[in-house]
>>> print(open('final38.txt').read())   # compact mmCIF, C-alpha atoms
# COMPACT_ATOMS: atom_id res chain seq x y z
CA MET A 65 3.06 4.82 -17.32
CA THR A 66 3.18 2.04 -19.86
CA GLY A 67 3.97 -1.51 -18.87
CA PRO A 68 2.34 -4.86 -18.16
CA SER A 69 -1.45 -4.56 -18.26
CA GLU A 70 -1.72 -6.63 -15.07
CA CYS A 71 0.44 -4.12 -13.14
CA PRO A 72 -1.78 -1.82 -11.01
CA ALA A 73 0.73 1.04 -11.36
CA CYS A 74 1.01 0.73 -15.15
CA SER A 75 -2.73 0.31 -15.70
CA GLY A 76 -3.54 3.42 -13.65
CA GLN A 77 -5.47 1.57 -10.93
CA TRP A 78 -3.03 2.63 -8.22
CA PRO A 79 -2.38 5.12 -6.67
CA ARG A 80 -5.44 7.32 -7.16
CA PRO A 81 -5.00 10.63 -9.08
CA GLU A 82 -6.31 12.74 -6.19
CA GLN A 83 -3.31 11.63 -4.11
CA ARG A 84 -0.79 13.06 -6.57
CA ILE A 85 1.76 15.50 -5.15
CA ALA A 86 4.26 15.98 -7.96
CA ASP A 87 5.51 14.70 -11.31
CA PHE A 88 9.29 14.25 -11.46
CA ASP A 89 11.51 12.89 -14.26
CA GLN A 90 11.77 9.36 -12.90
CA CYS A 91 8.71 9.02 -10.71
CA ILE A 92 5.36 10.39 -9.67
CA VAL A 93 4.93 11.34 -6.02
CA TYR A 94 1.71 10.49 -4.16
CA LEU A 95 0.44 10.95 -0.64
CA HIS A 96 -0.14 7.44 0.78
CA ASP A 97 -3.84 6.73 1.29
CA ASP A 98 -3.24 5.70 4.91
CA GLN A 99 -2.17 8.84 6.80
CA PHE A 100 -2.08 7.24 10.26
CA PHE A 101 1.66 8.03 10.09
CA PRO A 102 1.40 11.67 8.93
CA GLY A 103 3.19 12.46 5.68
CA TRP A 104 3.67 8.87 4.48
CA THR A 105 4.45 9.36 0.79
CA VAL A 106 4.94 6.95 -2.11
CA LEU A 107 7.16 7.56 -5.17
CA VAL A 108 6.13 5.42 -8.15
CA LEU A 109 8.63 4.88 -10.99
CA LYS A 110 7.22 6.02 -14.32
CA ARG A 111 8.48 3.02 -16.26
CA HIS A 112 7.85 -0.57 -15.28
CA ALA A 113 10.76 -2.20 -13.45
CA THR A 114 10.78 -4.34 -10.34
CA GLU A 115 14.32 -4.19 -8.95
CA LEU A 116 16.80 -1.38 -8.38
CA PHE A 117 19.39 -3.34 -10.37
CA ALA A 118 17.09 -3.41 -13.41
CA LEU A 119 17.66 0.33 -13.83
CA THR A 120 20.63 1.91 -15.61
CA PRO A 121 23.12 3.69 -13.31
CA PRO A 122 21.94 7.15 -14.50
CA GLU A 123 18.27 6.19 -13.92
CA ARG A 124 19.13 4.85 -10.48
CA ALA A 125 21.05 8.00 -9.54
CA ALA A 126 18.26 10.27 -10.82
CA LEU A 127 15.60 8.26 -8.96
CA MET A 128 17.58 8.43 -5.72
CA GLU A 129 17.99 12.22 -6.08
CA GLU A 130 14.20 12.42 -6.28
CA VAL A 131 13.85 10.13 -3.25
CA SER A 132 16.32 12.28 -1.32
CA ASN A 133 14.59 15.51 -2.34
CA VAL A 134 11.17 14.25 -1.21
CA ALA A 135 12.60 12.81 2.01
CA GLU A 136 14.18 16.16 2.90
CA ALA A 137 10.92 17.98 2.20
CA LEU A 138 8.91 15.55 4.33
CA ALA A 139 11.43 15.73 7.19
CA GLY A 140 10.99 19.49 7.23
CA VAL A 141 7.22 19.65 6.86
CA PHE A 142 6.52 17.00 9.51
CA ASN A 143 9.49 17.77 11.78
CA ALA A 144 10.64 14.15 11.50
CA HIS A 145 12.82 12.61 14.16
CA LYS A 146 13.97 10.12 11.46
CA MET A 147 12.95 9.26 7.91
CA ASN A 148 12.24 5.66 6.85
CA TYR A 149 12.90 4.68 3.21
CA GLU A 150 11.53 1.38 1.92
CA LEU A 151 11.42 -0.27 -1.48
CA LEU A 152 9.56 -3.54 -1.00
CA GLY A 153 7.21 -4.52 -3.84
CA ASN A 154 5.92 -7.65 -2.12
CA GLN A 155 2.35 -6.94 -3.27
CA ILE A 156 2.89 -4.56 -6.21
CA ALA A 157 6.30 -5.38 -7.67
CA HIS A 158 6.49 -2.15 -9.77
CA ILE A 159 9.25 -0.03 -8.16
CA HIS A 160 7.78 2.34 -5.58
CA TRP A 161 9.46 3.92 -2.57
CA HIS A 162 7.69 4.39 0.74
CA LEU A 163 8.98 7.50 2.55
CA ILE A 164 7.70 7.71 6.10
CA PRO A 165 8.44 10.54 8.51
CA ARG A 166 8.85 9.09 11.99
CA LEU A 167 7.95 11.59 14.65
CA ALA A 168 9.24 12.06 18.17
CA ASP A 169 5.80 11.12 19.55
CA ASP A 170 5.19 8.34 17.03
CA PRO A 171 3.46 5.37 18.70
CA ARG A 172 6.29 2.87 18.06
CA ARG A 173 9.18 5.06 17.02
CA ALA A 174 11.88 2.41 17.55
CA GLU A 175 10.09 -0.13 15.31
CA PRO A 176 9.24 -0.31 11.60
CA VAL A 177 5.74 1.04 10.91
CA TRP A 178 4.63 -2.45 9.92
CA ARG A 179 4.84 -3.55 13.54
CA HIS A 180 2.15 -1.08 14.58
CA ASP A 181 -1.29 -2.52 13.87
CA HIS A 182 -3.75 0.28 13.28
CA ARG A 183 -6.89 1.20 11.41
CA PRO A 184 -5.88 2.95 8.13
CA LEU A 185 -6.56 6.69 8.32
CA ALA A 186 -8.01 8.17 5.12
CA LEU A 187 -8.12 11.97 5.36
CA PRO A 188 -11.17 14.02 4.34
CA ALA A 189 -10.51 15.61 0.93
CA ALA A 190 -9.87 19.12 2.24
CA GLU A 191 -7.35 17.95 4.79
CA ARG A 192 -5.67 15.66 2.26
CA ASN A 193 -5.36 18.50 -0.25
CA GLU A 194 -3.94 20.83 2.37
CA ARG A 195 -1.32 18.20 3.28
CA ILE A 196 -0.44 17.67 -0.38
CA ALA A 197 -0.06 21.43 -0.90
CA ARG A 198 2.30 21.72 2.10
CA ILE A 199 4.53 18.92 0.81
CA ARG A 200 4.48 20.28 -2.75
CA ALA A 201 5.57 23.71 -1.53
CA ALA A 202 8.57 22.17 0.27
CA LEU A 203 9.92 20.23 -2.74
CA LYS A 204 12.97 21.52 -4.60
CA ARG A 205 11.96 21.91 -8.25
CA MET B 146 34.45 4.32 10.89
CA THR B 147 34.88 7.52 12.85
CA GLY B 148 31.93 9.38 14.23
CA PRO B 149 29.99 9.98 17.45
CA SER B 150 31.35 7.79 20.24
CA GLU B 151 27.78 6.89 21.27
CA CYS B 152 27.03 5.47 17.80
CA PRO B 153 27.26 1.64 17.85
CA ALA B 154 28.38 1.59 14.19
CA CYS B 155 31.11 4.22 14.69
CA SER B 156 32.40 2.74 17.93
CA GLY B 157 32.73 -0.73 16.40
CA GLN B 158 30.13 -2.38 18.65
CA TRP B 159 27.89 -3.30 15.74
CA PRO B 160 27.85 -5.29 13.49
CA ARG B 161 30.34 -7.95 14.60
CA PRO B 162 33.53 -8.43 12.52
CA GLU B 163 32.82 -12.11 11.87
CA GLN B 164 29.72 -11.08 9.90
CA ARG B 165 31.72 -9.03 7.41
CA ILE B 166 31.21 -9.88 3.74
CA ALA B 167 32.96 -7.07 1.87
CA ASP B 168 34.51 -3.62 2.15
CA PHE B 169 33.29 -1.18 -0.52
CA ASP B 170 34.09 2.51 -1.04
CA GLN B 171 31.00 3.86 0.71
CA CYS B 172 29.98 1.04 2.99
CA ILE B 173 30.89 -2.23 4.65
CA VAL B 174 28.68 -5.22 3.90
CA TYR B 175 27.68 -7.63 6.68
CA LEU B 176 25.54 -10.74 6.91
CA HIS B 177 22.68 -9.90 9.29
CA ASP B 178 22.95 -11.85 12.55
CA ASP B 179 19.36 -13.14 12.21
CA GLN B 180 19.31 -15.47 9.19
CA PHE B 181 15.70 -16.62 9.61
CA PHE B 182 15.19 -14.89 6.23
CA PRO B 183 18.17 -16.42 4.39
CA GLY B 184 20.63 -13.93 2.97
CA TRP B 185 19.46 -10.87 4.93
CA THR B 186 22.39 -8.48 4.54
CA VAL B 187 23.20 -5.07 6.01
CA LEU B 188 25.28 -2.33 4.34
CA VAL B 189 26.73 0.13 6.84
CA LEU B 190 27.94 3.52 5.61
CA LYS B 191 31.59 4.12 6.49
CA ARG B 192 31.08 7.71 7.61
CA HIS B 193 28.52 8.83 10.14
CA ALA B 194 25.34 10.25 8.59
CA THR B 195 21.72 9.59 9.44
CA GLU B 196 19.69 10.62 6.38
CA LEU B 197 20.08 10.03 2.65
CA PHE B 198 19.81 13.79 2.09
CA ALA B 199 22.82 14.41 4.36
CA LEU B 200 25.05 12.84 1.69
CA THR B 201 26.45 14.65 -1.34
CA PRO B 202 24.92 13.62 -4.68
CA PRO B 203 28.10 11.70 -5.68
CA GLU B 204 28.17 9.87 -2.32
CA ARG B 205 24.48 9.03 -2.66
CA ALA B 206 24.94 7.71 -6.21
CA ALA B 207 28.00 5.66 -5.22
CA LEU B 208 26.21 4.21 -2.19
CA MET B 209 23.19 3.25 -4.27
CA GLU B 210 25.44 1.53 -6.85
CA GLU B 211 26.81 -0.56 -3.98
CA VAL B 212 23.27 -1.29 -2.72
CA SER B 213 22.23 -2.32 -6.24
CA ASN B 214 25.32 -4.51 -6.70
CA VAL B 215 24.73 -6.36 -3.42
CA ALA B 216 20.99 -6.71 -4.11
CA GLU B 217 21.69 -8.28 -7.50
CA ALA B 218 24.20 -10.70 -5.97
CA LEU B 219 21.75 -11.70 -3.21
CA ALA B 220 18.89 -12.15 -5.69
CA GLY B 221 21.06 -14.59 -7.64
CA VAL B 222 22.53 -16.53 -4.72
CA PHE B 223 19.19 -16.99 -2.94
CA ASN B 224 16.98 -17.19 -6.05
CA ALA B 225 14.87 -14.31 -4.71
CA HIS B 226 11.31 -13.82 -5.86
CA LYS B 227 11.72 -10.13 -4.86
CA MET B 228 14.31 -8.06 -3.05
CA ASN B 229 13.37 -5.75 -0.17
CA TYR B 230 15.48 -2.60 0.42
CA GLU B 231 15.07 -0.69 3.68
CA LEU B 232 16.85 2.25 5.24
CA LEU B 233 15.20 2.81 8.62
CA GLY B 234 17.57 3.78 11.44
CA ASN B 235 14.87 3.83 14.10
CA GLN B 236 17.18 2.15 16.62
CA ILE B 237 20.64 2.86 15.17
CA ALA B 238 20.35 6.10 13.20
CA HIS B 239 23.72 5.64 11.39
CA ILE B 240 22.83 4.97 7.71
CA HIS B 241 22.53 1.23 7.07
CA TRP B 242 20.58 -0.57 4.38
CA HIS B 243 18.75 -3.83 5.01
CA LEU B 244 18.68 -5.98 1.87
CA ILE B 245 16.40 -8.96 2.25
CA PRO B 246 15.85 -11.63 -0.39
CA ARG B 247 12.21 -12.69 -0.29
CA LEU B 248 11.78 -16.25 -1.49
CA ALA B 249 8.90 -17.94 -3.27
CA ASP B 250 8.29 -20.13 -0.20
CA ASP B 251 8.91 -17.34 2.32
CA PRO B 252 6.46 -17.61 5.26
CA ARG B 253 4.77 -14.22 4.62
CA ARG B 254 5.95 -13.26 1.18
CA ALA B 255 3.31 -10.57 0.61
CA GLU B 256 4.17 -8.75 3.84
CA PRO B 257 7.22 -6.87 5.15
CA VAL B 258 9.52 -9.16 7.16
CA TRP B 259 8.68 -7.17 10.29
CA ARG B 260 5.18 -8.61 10.29
CA HIS B 261 6.51 -12.14 10.76
CA ASP B 262 7.26 -12.79 14.42
CA HIS B 263 9.98 -15.39 14.72
CA ARG B 264 12.86 -16.49 16.89
CA PRO B 265 16.10 -14.97 15.47
CA LEU B 266 18.20 -17.60 13.72
CA ALA B 267 21.95 -17.31 14.40
CA LEU B 268 23.87 -19.68 12.13
CA PRO B 269 26.68 -21.92 13.42
CA ALA B 270 30.04 -20.40 12.41
CA ALA B 271 30.78 -22.87 9.60
CA GLU B 272 27.41 -22.34 7.98
CA ARG B 273 27.65 -18.56 8.41
CA ASN B 274 31.08 -18.50 6.81
CA GLU B 275 29.92 -20.63 3.90
CA ARG B 276 26.99 -18.23 3.32
CA ILE B 277 29.31 -15.22 3.47
CA ALA B 278 31.66 -16.85 0.96
CA ARG B 279 28.82 -17.53 -1.48
CA ILE B 280 27.64 -13.91 -1.34
CA ARG B 281 31.18 -12.57 -1.62
CA ALA B 282 31.81 -14.66 -4.73
CA ALA B 283 28.68 -13.23 -6.39
CA LEU B 284 29.58 -9.55 -5.86
CA LYS B 285 30.87 -7.46 -8.76
CA ARG B 286 34.23 -6.03 -7.71
>>> encode(input="final38.txt", output="structure tokens")
Amino acid sequence: MTGPSECPACSGQWPRPEQRIADFDQCIVYLHDDQFFPGWTVLVLKRHATELFALTPPERAALMEEVSNVAEALAGVFNAHKMNYELLGNQIAHIHWHLIPRLADDPRRAEPVWRHDHRPLALPAAERNERIARIRAALKR
Amino acid sequence: MTGPSECPACSGQWPRPEQRIADFDQCIVYLHDDQFFPGWTVLVLKRHATELFALTPPERAALMEEVSNVAEALAGVFNAHKMNYELLGNQIAHIHWHLIPRLADDPRRAEPVWRHDHRPLALPAAERNERIARIRAALKR
């Protein structure tokens, strides 16, 4: 990614390479570092842009096909009751989508994940890699 | 909208008609009833579907063009520092997008709106209608 040097996504500071799941045309897919909500995944746009309306219509459509593809894979792998899709950028404005499988036994299923205070869950490397491999296998390529 | 009779969006129980901003091809645009975060808007898909990946690619692209159009209008009208885009459906699974302008003087600008406990702010009718008219005037038709 090339963009503003102060952007953590463009400068390669975030997310970490070991979290990478897949490389698509528009975005790179990463497992979120906090796996308290299992399968939480982040799609980071390859080019620097901060708003959906800063993209061209073909870029926007291609990005949303990738979002939809990953969401469908996550719903299957984690047996999601519902998927949550969020493009916020309040801390890192570079376009990135949070895709969060919400499970039937999720602690606060009727609420956004942000309402559930919890200690972030970083997986041990082997477990993280196994989770990444399961998601990768479910993606349509 | 026609769909499951138990769906509040399909049965016409939600949102309320007086909140309506615009009628697009894929969705109907409503001012959110809680205006604590000024300009919070909700786009409700006309047909019943619960996940982005349940739509056809052309439907998905058309919906996202509408989301982008409304987001750009809201960013201009409310002078947003950043837009937030959220498709959750944890309580009402029928596809609806929350578009929330985040302002420079927003109480918790670096956090999702869900982290800011507040009393919901229902506007008096005249003020609500004036806000709806300003958003409507900014939409690309």
>>> closest_atom_pairs(input="final38.txt", of="chain A", to="chain B", cutoff="6 Å", atoms="only C-alpha atoms", output="JSON lines")
{"residue": "A:Leu116", "atom": "CA", "partner": "B:Ser213", "partner_atom": "CA", "distance": 5.9}
{"residue": "A:Phe117", "atom": "CA", "partner": "B:Ser213", "partner_atom": "CA", "distance": 5.1}
{"residue": "A:Ala125", "atom": "CA", "partner": "B:Ala206", "partner_atom": "CA", "distance": 5.1}
{"residue": "A:Ser132", "atom": "CA", "partner": "B:Phe198", "partner_atom": "CA", "distance": 5.1}
{"residue": "A:Asn148", "atom": "CA", "partner": "B:Leu233", "partner_atom": "CA", "distance": 4.5}
{"residue": "A:Tyr149", "atom": "CA", "partner": "B:Leu232", "partner_atom": "CA", "distance": 5.1}
{"residue": "A:Glu150", "atom": "CA", "partner": "B:Glu231", "partner_atom": "CA", "distance": 4.5}
{"residue": "A:Leu151", "atom": "CA", "partner": "B:Tyr230", "partner_atom": "CA", "distance": 5.1}
{"residue": "A:Leu152", "atom": "CA", "partner": "B:Asn229", "partner_atom": "CA", "distance": 4.5}
{"residue": "A:Asn154", "atom": "CA", "partner": "B:Ala255", "partner_atom": "CA", "distance": 4.8}
{"residue": "A:Gln155", "atom": "CA", "partner": "B:Ala255", "partner_atom": "CA", "distance": 5.4}
{"residue": "A:Ala174", "atom": "CA", "partner": "B:Asn235", "partner_atom": "CA", "distance": 4.8}
>>> closest_residue(input="final38.txt", among="B:Ser150, B:Gln180, B:Thr186, B:Gln171", to="Glu211 in chain B", atoms="only C-alpha atoms")
B:Gln171
>>> closest_residue(input="final38.txt", among="A:Pro102, A:Asp87, A:Glu123, A:His158", to="Gly67 in chain A", atoms="all atoms listed in the file")
A:His158
>>> residues_around(input="final38.txt", residues="Ala282 in chain B", least_positions_apart="4", cutoff="10 Å", atoms="only C-alpha atoms", output="PyMOL selection string")
chain B and resi 166+218+222+277-278+286
>>> atom_distance(input="final38.txt", atom1="CA of Glu194 in chain A", atom2="CA of Trp104 in chain A")
14.3 Å
>>> residues_around(input="final38.txt", residues="range 182-185 of chain A", least_positions_apart="5", cutoff="8 Å", atoms="only C-alpha atoms", output="MDAnalysis selection string")
chainID A and resid 97:100
>>> closest_residue(input="final38.txt", among="B:Lys285, B:Arg273, B:Arg192, B:Arg165", to="His241 in chain B", atoms="all atoms listed in the file")
B:Arg192
>>> atom_distance(input="final38.txt", atom1="CA of Ala73 in chain A", atom2="CA of Ile159 in chain A")
9.2 Å
>>> decode(input="final38.txt", residues="range 169-202 of chain B", atoms="N, CA and C atoms", output="compact mmCIF listing (two decimals), in the first residue's frame")
# COMPACT_ATOMS: atom_id res chain seq x y z
N PHE B 169 -35.45 5.49 -2.84
CA PHE B 169 -34.51 5.13 -3.91
C PHE B 169 -34.93 3.79 -4.52
N ASP B 170 -34.16 3.31 -5.51
CA ASP B 170 -34.52 2.04 -6.15
C ASP B 170 -34.42 0.85 -5.18
N GLN B 171 -33.32 0.80 -4.44
CA GLN B 171 -33.07 -0.35 -3.57
C GLN B 171 -33.59 -0.16 -2.15
N CYS B 172 -33.61 1.08 -1.69
CA CYS B 172 -33.91 1.29 -0.28
C CYS B 172 -34.69 2.58 -0.05
N ILE B 173 -35.25 2.67 1.14
CA ILE B 173 -35.91 3.91 1.58
C ILE B 173 -35.03 4.51 2.68
N VAL B 174 -34.87 5.81 2.63
CA VAL B 174 -33.95 6.53 3.50
C VAL B 174 -34.75 7.24 4.58
N TYR B 175 -34.37 7.03 5.84
CA TYR B 175 -35.08 7.62 6.97
C TYR B 175 -34.09 8.35 7.90
N LEU B 176 -34.55 9.43 8.49
CA LEU B 176 -33.79 10.04 9.58
C LEU B 176 -33.98 9.15 10.81
N HIS B 177 -32.87 8.79 11.47
CA HIS B 177 -32.96 7.95 12.66
C HIS B 177 -33.73 8.69 13.75
N ASP B 178 -34.52 7.98 14.54
CA ASP B 178 -35.34 8.67 15.54
C ASP B 178 -34.49 9.33 16.63
N ASP B 179 -33.34 8.74 16.95
CA ASP B 179 -32.43 9.35 17.93
C ASP B 179 -31.44 10.26 17.19
N GLN B 180 -31.59 11.56 17.38
CA GLN B 180 -30.71 12.52 16.70
C GLN B 180 -29.66 13.10 17.65
N PHE B 181 -29.32 12.35 18.70
CA PHE B 181 -28.23 12.80 19.59
C PHE B 181 -26.97 13.02 18.75
N PHE B 182 -26.67 12.08 17.84
CA PHE B 182 -25.61 12.27 16.85
C PHE B 182 -26.30 12.86 15.62
N PRO B 183 -26.12 14.17 15.36
CA PRO B 183 -26.92 14.84 14.34
C PRO B 183 -26.71 14.26 12.94
N GLY B 184 -27.83 13.95 12.30
CA GLY B 184 -27.77 13.46 10.93
C GLY B 184 -27.79 11.95 10.80
N TRP B 185 -27.78 11.25 11.92
CA TRP B 185 -27.83 9.77 11.86
C TRP B 185 -29.00 9.35 10.98
N THR B 186 -28.71 8.58 9.95
CA THR B 186 -29.69 8.21 8.93
C THR B 186 -29.67 6.70 8.74
N VAL B 187 -30.82 6.15 8.39
CA VAL B 187 -30.96 4.70 8.21
C VAL B 187 -31.52 4.42 6.82
N LEU B 188 -30.86 3.53 6.08
CA LEU B 188 -31.33 3.11 4.75
C LEU B 188 -31.88 1.71 4.86
N VAL B 189 -33.16 1.54 4.57
CA VAL B 189 -33.82 0.24 4.73
C VAL B 189 -34.07 -0.36 3.35
N LEU B 190 -33.54 -1.56 3.14
CA LEU B 190 -33.73 -2.26 1.86
C LEU B 190 -35.22 -2.48 1.61
N LYS B 191 -35.65 -2.31 0.36
CA LYS B 191 -37.09 -2.47 0.08
C LYS B 191 -37.54 -3.92 0.18
N ARG B 192 -36.67 -4.84 -0.27
CA ARG B 192 -37.10 -6.25 -0.18
C ARG B 192 -36.50 -6.87 1.09
N HIS B 193 -37.08 -7.97 1.51
CA HIS B 193 -36.56 -8.61 2.72
C HIS B 193 -35.33 -9.46 2.41
N ALA B 194 -34.23 -9.14 3.06
CA ALA B 194 -33.01 -9.94 2.99
C ALA B 194 -32.24 -9.60 4.25
N THR B 195 -31.42 -10.52 4.72
CA THR B 195 -30.75 -10.27 6.00
C THR B 195 -29.24 -10.11 5.86
N GLU B 196 -28.64 -10.63 4.80
CA GLU B 196 -27.19 -10.53 4.66
C GLU B 196 -26.84 -9.94 3.29
N LEU B 197 -25.72 -9.23 3.26
CA LEU B 197 -25.24 -8.63 2.01
C LEU B 197 -25.07 -9.71 0.93
N PHE B 198 -24.65 -10.91 1.34
CA PHE B 198 -24.39 -11.96 0.36
C PHE B 198 -25.66 -12.67 -0.09
N ALA B 199 -26.81 -12.25 0.42
CA ALA B 199 -28.09 -12.78 -0.07
C ALA B 199 -28.58 -11.97 -1.27
N LEU B 200 -27.93 -10.85 -1.56
CA LEU B 200 -28.32 -10.02 -2.70
C LEU B 200 -27.58 -10.49 -3.95
N THR B 201 -28.13 -10.17 -5.13
CA THR B 201 -27.40 -10.42 -6.37
C THR B 201 -26.31 -9.35 -6.49
N PRO B 202 -25.24 -9.62 -7.25
CA PRO B 202 -24.21 -8.58 -7.42
C PRO B 202 -24.77 -7.24 -7.93
